[in-house]
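Below is input13.txt, holding compact mmCIF, C-alpha atoms.
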```
# COMPACT_ATOMS: atom_id res chain seq x y z
CA MET A 1 4.07 -17.47 -13.90
CA GLN A 2 0.87 -15.48 -13.86
CA VAL A 3 0.51 -13.34 -10.75
CA LYS A 4 -3.18 -12.71 -11.27
CA LYS A 5 -4.01 -16.36 -10.50
CA TYR A 6 -3.14 -15.52 -6.88
CA PHE A 7 -5.39 -12.43 -6.70
CA GLU A 8 -8.10 -12.76 -4.03
CA LYS A 9 -6.24 -15.78 -2.54
CA LYS A 10 -5.28 -15.91 1.13
CA VAL A 11 -1.60 -15.12 1.60
CA SER A 12 0.71 -14.42 4.51
CA LEU A 13 3.84 -12.36 4.58
CA LEU A 14 6.62 -11.91 7.06
CA SER A 15 8.05 -8.40 7.22
CA THR A 16 11.70 -7.60 7.79
CA SER A 17 10.68 -6.57 11.33
CA ASP A 18 9.44 -10.16 11.97
CA VAL A 19 5.74 -9.22 11.94
CA ARG A 20 3.38 -11.60 10.13
CA TYR A 21 0.42 -10.27 8.15
CA ASP A 22 -2.46 -12.37 6.76
CA GLY A 23 -4.75 -11.11 4.00
CA GLU A 24 -5.91 -11.51 0.41
CA LEU A 25 -3.49 -10.68 -2.38
CA TYR A 26 -4.93 -7.60 -4.06
CA THR A 27 -2.24 -6.41 -6.45
CA VAL A 28 1.43 -6.54 -7.34
CA ASP A 29 2.90 -3.32 -8.71
CA PRO A 30 6.26 -3.79 -10.47
CA SER A 31 6.72 -0.04 -11.06
CA GLU A 32 6.48 0.68 -7.31
CA GLN A 33 7.98 -2.70 -6.33
CA SER A 34 5.08 -3.22 -3.95
CA ILE A 35 2.47 -5.76 -2.95
CA ALA A 36 -1.00 -4.81 -1.70
CA LEU A 37 -3.11 -7.00 0.56
CA LYS A 38 -6.75 -6.44 1.46
CA HIS A 39 -8.69 -7.54 4.56
CA VAL A 40 -5.39 -7.69 6.45
CA ASN A 41 -4.79 -8.94 10.00
CA CYS A 42 -1.53 -8.19 11.83
CA MET A 43 -0.45 -11.29 13.75
CA GLY A 44 2.48 -9.62 15.54
CA THR A 45 5.95 -11.09 16.00
CA GLU A 46 4.62 -14.38 17.43
CA GLY A 47 7.71 -15.03 19.56
CA ARG A 48 10.25 -14.15 16.86
CA ARG A 49 11.29 -11.19 19.03
CA SER A 50 11.26 -10.76 22.79
CA GLY A 51 11.10 -7.99 25.37
CA ASP A 52 10.45 -4.49 24.06
CA GLN A 53 11.09 -5.74 20.50
CA ALA A 54 7.96 -7.94 20.59
CA ILE A 55 4.85 -6.69 18.80
CA ALA A 56 1.44 -7.95 19.90
CA PRO A 57 -1.18 -9.01 17.36
CA SER A 58 -3.77 -6.42 16.38
CA ASP A 59 -7.46 -7.09 16.95
CA CYS A 60 -8.59 -4.97 13.99
CA THR A 61 -8.75 -5.82 10.30
CA TYR A 62 -7.21 -3.32 7.88
CA GLU A 63 -9.00 -2.78 4.58
CA PHE A 64 -5.73 -2.47 2.61
CA ILE A 65 -2.03 -2.39 3.37
CA ILE A 66 0.62 -1.82 0.73
CA PHE A 67 4.06 -3.25 1.41
CA ARG A 68 7.27 -2.37 -0.38
CA ALA A 69 9.01 -5.54 -1.58
CA VAL A 70 12.24 -4.62 0.25
CA ASN A 71 10.30 -4.71 3.55
CA ILE A 72 9.03 -8.27 3.01
CA ARG A 73 11.16 -11.23 4.09
CA GLU A 74 8.84 -14.08 3.02
CA LEU A 75 5.57 -14.46 1.12
CA TRP A 76 3.46 -17.60 0.98
CA LEU A 77 0.07 -18.81 -0.19
CA ASP A 78 -2.16 -20.38 2.47
CA GLU A 79 -3.55 -23.55 0.88
CA GLY A 80 -5.65 -24.64 3.88
CA ASN A 81 -5.23 -27.43 6.44
CA GLY A 82 -1.99 -25.84 7.65
CA ARG A 83 -0.35 -26.21 4.25
CA ARG A 84 1.35 -23.28 2.60
CA ARG A 85 3.18 -22.67 -0.65
CA ASP A 86 6.24 -20.42 -0.70
CA LEU A 87 5.84 -17.55 -3.19
CA THR A 88 9.08 -15.77 -2.29
CA ASP A 89 11.03 -17.02 -5.32
CA GLU A 90 8.05 -16.85 -7.66
CA ILE A 91 6.78 -13.33 -6.89
CA LEU A 92 8.84 -11.51 -4.28
CA ASN A 93 12.42 -11.95 -5.54
CA PRO A 94 11.62 -10.91 -9.15
CA LEU A 95 9.68 -7.93 -7.79
CA ARG A 96 12.62 -6.83 -5.62
CA SER A 97 15.03 -7.06 -8.53
CA GLY A 98 12.73 -5.02 -10.77
CA GLN A 99 12.04 -7.90 -13.14
CA ASN A 100 8.66 -8.26 -14.78
CA VAL A 101 6.57 -10.88 -13.00
CA ASN A 102 4.27 -11.37 -16.02
CA TYR A 103 1.85 -8.81 -14.76
CA SER A 104 0.80 -5.41 -15.97
CA GLN A 105 -1.26 -2.68 -14.35
CA GLN A 106 -3.59 -2.85 -17.37
CA LYS A 107 -4.41 -6.48 -16.58
CA ARG A 108 -5.29 -5.54 -13.01
CA SER A 109 -7.46 -2.67 -14.27
CA GLN A 110 -9.37 -5.10 -16.48
CA TYR A 111 -9.76 -7.42 -13.50
CA ASP A 112 -11.06 -4.55 -11.34
CA ASP A 113 -13.53 -3.53 -14.05
CA GLN A 114 -15.02 -7.00 -13.91
CA GLN A 115 -15.52 -6.71 -10.15
CA ASP A 116 -18.29 -4.46 -8.84
CA GLN A 117 -16.36 -3.01 -5.93
CA GLY A 118 -17.95 0.42 -5.54
CA PRO A 119 -15.89 3.56 -5.00
CA LYS A 120 -12.17 3.30 -4.38
CA ARG A 121 -10.96 4.25 -0.93
CA LYS A 122 -7.72 5.85 0.05
CA VAL A 123 -5.16 3.61 1.75
CA GLY A 124 -2.22 4.34 4.01
CA TYR A 125 0.42 4.51 1.31
CA GLN A 126 1.48 7.36 -0.91
CA SER A 127 3.35 6.59 -4.10
CA ARG A 128 6.29 8.68 -5.15
CA SER A 129 4.27 10.22 -7.98
CA GLN A 130 1.65 11.56 -5.53
CA GLN A 131 3.98 13.22 -3.02
CA GLN A 132 4.22 16.65 -4.59
CA GLY A 133 1.55 19.28 -4.43
CA TYR A 134 -1.15 20.12 -1.97
CA GLY A 135 -4.58 18.58 -1.94
CA ASP A 136 -5.73 15.05 -2.58
CA PRO A 137 -4.42 13.66 -5.90
CA TYR A 138 -6.14 10.30 -5.28
CA TYR A 139 -9.61 11.83 -5.43
CA GLY A 140 -8.56 14.76 -7.63
CA GLN A 141 -9.87 17.29 -5.12
CA GLN A 142 -8.34 20.47 -3.85
CA ALA A 143 -8.12 20.47 -0.10
CA GLN A 144 -9.37 23.54 1.72
CA ASP A 145 -6.64 25.22 3.70
CA PRO A 146 -8.27 26.50 6.89
CA TYR A 147 -5.26 28.61 7.82
CA TYR A 148 -5.60 30.76 4.70
CA GLY A 149 -9.38 30.83 4.66
CA GLY A 150 -9.77 28.04 2.13
CA GLN A 151 -7.80 29.74 -0.64
CA GLN A 152 -5.44 27.57 -2.63
CA SER A 153 -3.94 30.00 -5.09
CA GLY A 154 -3.30 33.67 -5.37
CA GLY A 155 -3.08 35.96 -2.39
CA TYR A 156 -0.61 34.83 0.20
CA GLY A 157 -1.71 31.19 0.25
CA ARG A 158 0.51 28.17 0.32
CA GLN A 159 0.48 27.73 -3.47
CA SER A 160 2.13 31.09 -4.08
CA GLY A 161 5.05 30.04 -1.88
CA GLY A 162 4.96 33.28 0.14
CA TYR A 163 4.49 33.95 3.81
CA GLY A 164 2.28 36.96 3.40
CA PRO A 165 3.05 40.64 3.62
CA PRO A 166 5.23 42.01 6.39
CA PRO A 167 3.36 43.50 9.30
CA GLN A 168 2.54 47.19 8.98
CA GLN A 169 4.31 49.39 11.47
CA GLN A 170 2.12 51.79 13.40
CA GLN A 171 3.24 55.41 13.69
```

Would you mind writing the structure in this file as structure tokens?
Amino acid sequence: MQVKKYFEKKVSLLSTSDVRYDGELYTVDPSEQSIALKHVNCMGTEGRRSGDQAIAPSDCTYEFIIFRAVNIRELWLDEGNGRRRDLTDEILNPLRSGQNVNYSQQKRSQYDDQQDQGPKRKVGYQSRSQQQGYGDPYYGQQAQDPYYGGQQSGGYGRQSGGYGPPPQQQQ
């Protein structure tokens, strides 16, 4: 099975919290066991939950949402005219188990190079490899720390791990 044949195709997924999301399949990342959708609409729980457990549909479209495979209950391809093809066994289950789904990040990079998509934008997901440090590893920029006057290293800034000198006692 080649995952890339589903890239840019309309898919729907049902989360473990019974919320349905519709969007275009953007990428499948076996190393992070995640699936990214672009141009995503949240359809809510659609009656699968009631009372305070119900989630209403959202009226906005999200540019990207990245879902961890363990948080996805079902995944299907929308084929049009109300028809859909279940992709749970083909993509989702192998991804959850850590198996290779005949896809590599290099193939997706080559696919992206062929597309003229402009600058990459940050999405609402932080991989485990980006969680340490201060600043913005996605853009490779050092964030200015307004509390310490914009200094990132040296002095008593956050990077040195200190809290600053003790207050001087007046005599």

Exercise. Measure the distance from atom CA of A:Ile35 to atom CA of A:Gln53 in Å and round it to one decimal.
Key: 25.0 Å

Self-check item: All residues 6 Å or closer to A:Glu74, all atoms listed in the file, same chain fewer than 5 positions away omitted, as number ranges by chain
Solution: A: 13-14, 88

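The two atoms in question, atom CA of A:Met43 and atom CA of A:Pro94, are spaced 25.9 Å apart.
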
Self-check item: Å distance separating atom CA of A:Leu75 from atom CA of A:Gly44, one decimal place
Solution: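 Separation of atom CA of A:Leu75 and atom CA of A:Gly44: 15.5 Å.
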
Exercise. Quick one: everything within 6 Å of stretch 63-65 of chain A, counting all atoms listed in the file, minus sequence neighbours fewer than 6 positions away in the same chain. Send it as a ChimeraX atom specification.
Key: /A:36-39

Taking all atoms of stretch 39-52 of chain A that appear in the file, build a box with edges along x, y and z, extend it by 8 Å on every side, and state its centre and edge lengths in Å to one decimal, as lines of an AutoDock Vina configuration file.
```
center_x = 1.3
center_y = -9.8
center_z = 15.0
size_x = 36.0
size_y = 26.5
size_z = 36.8
```
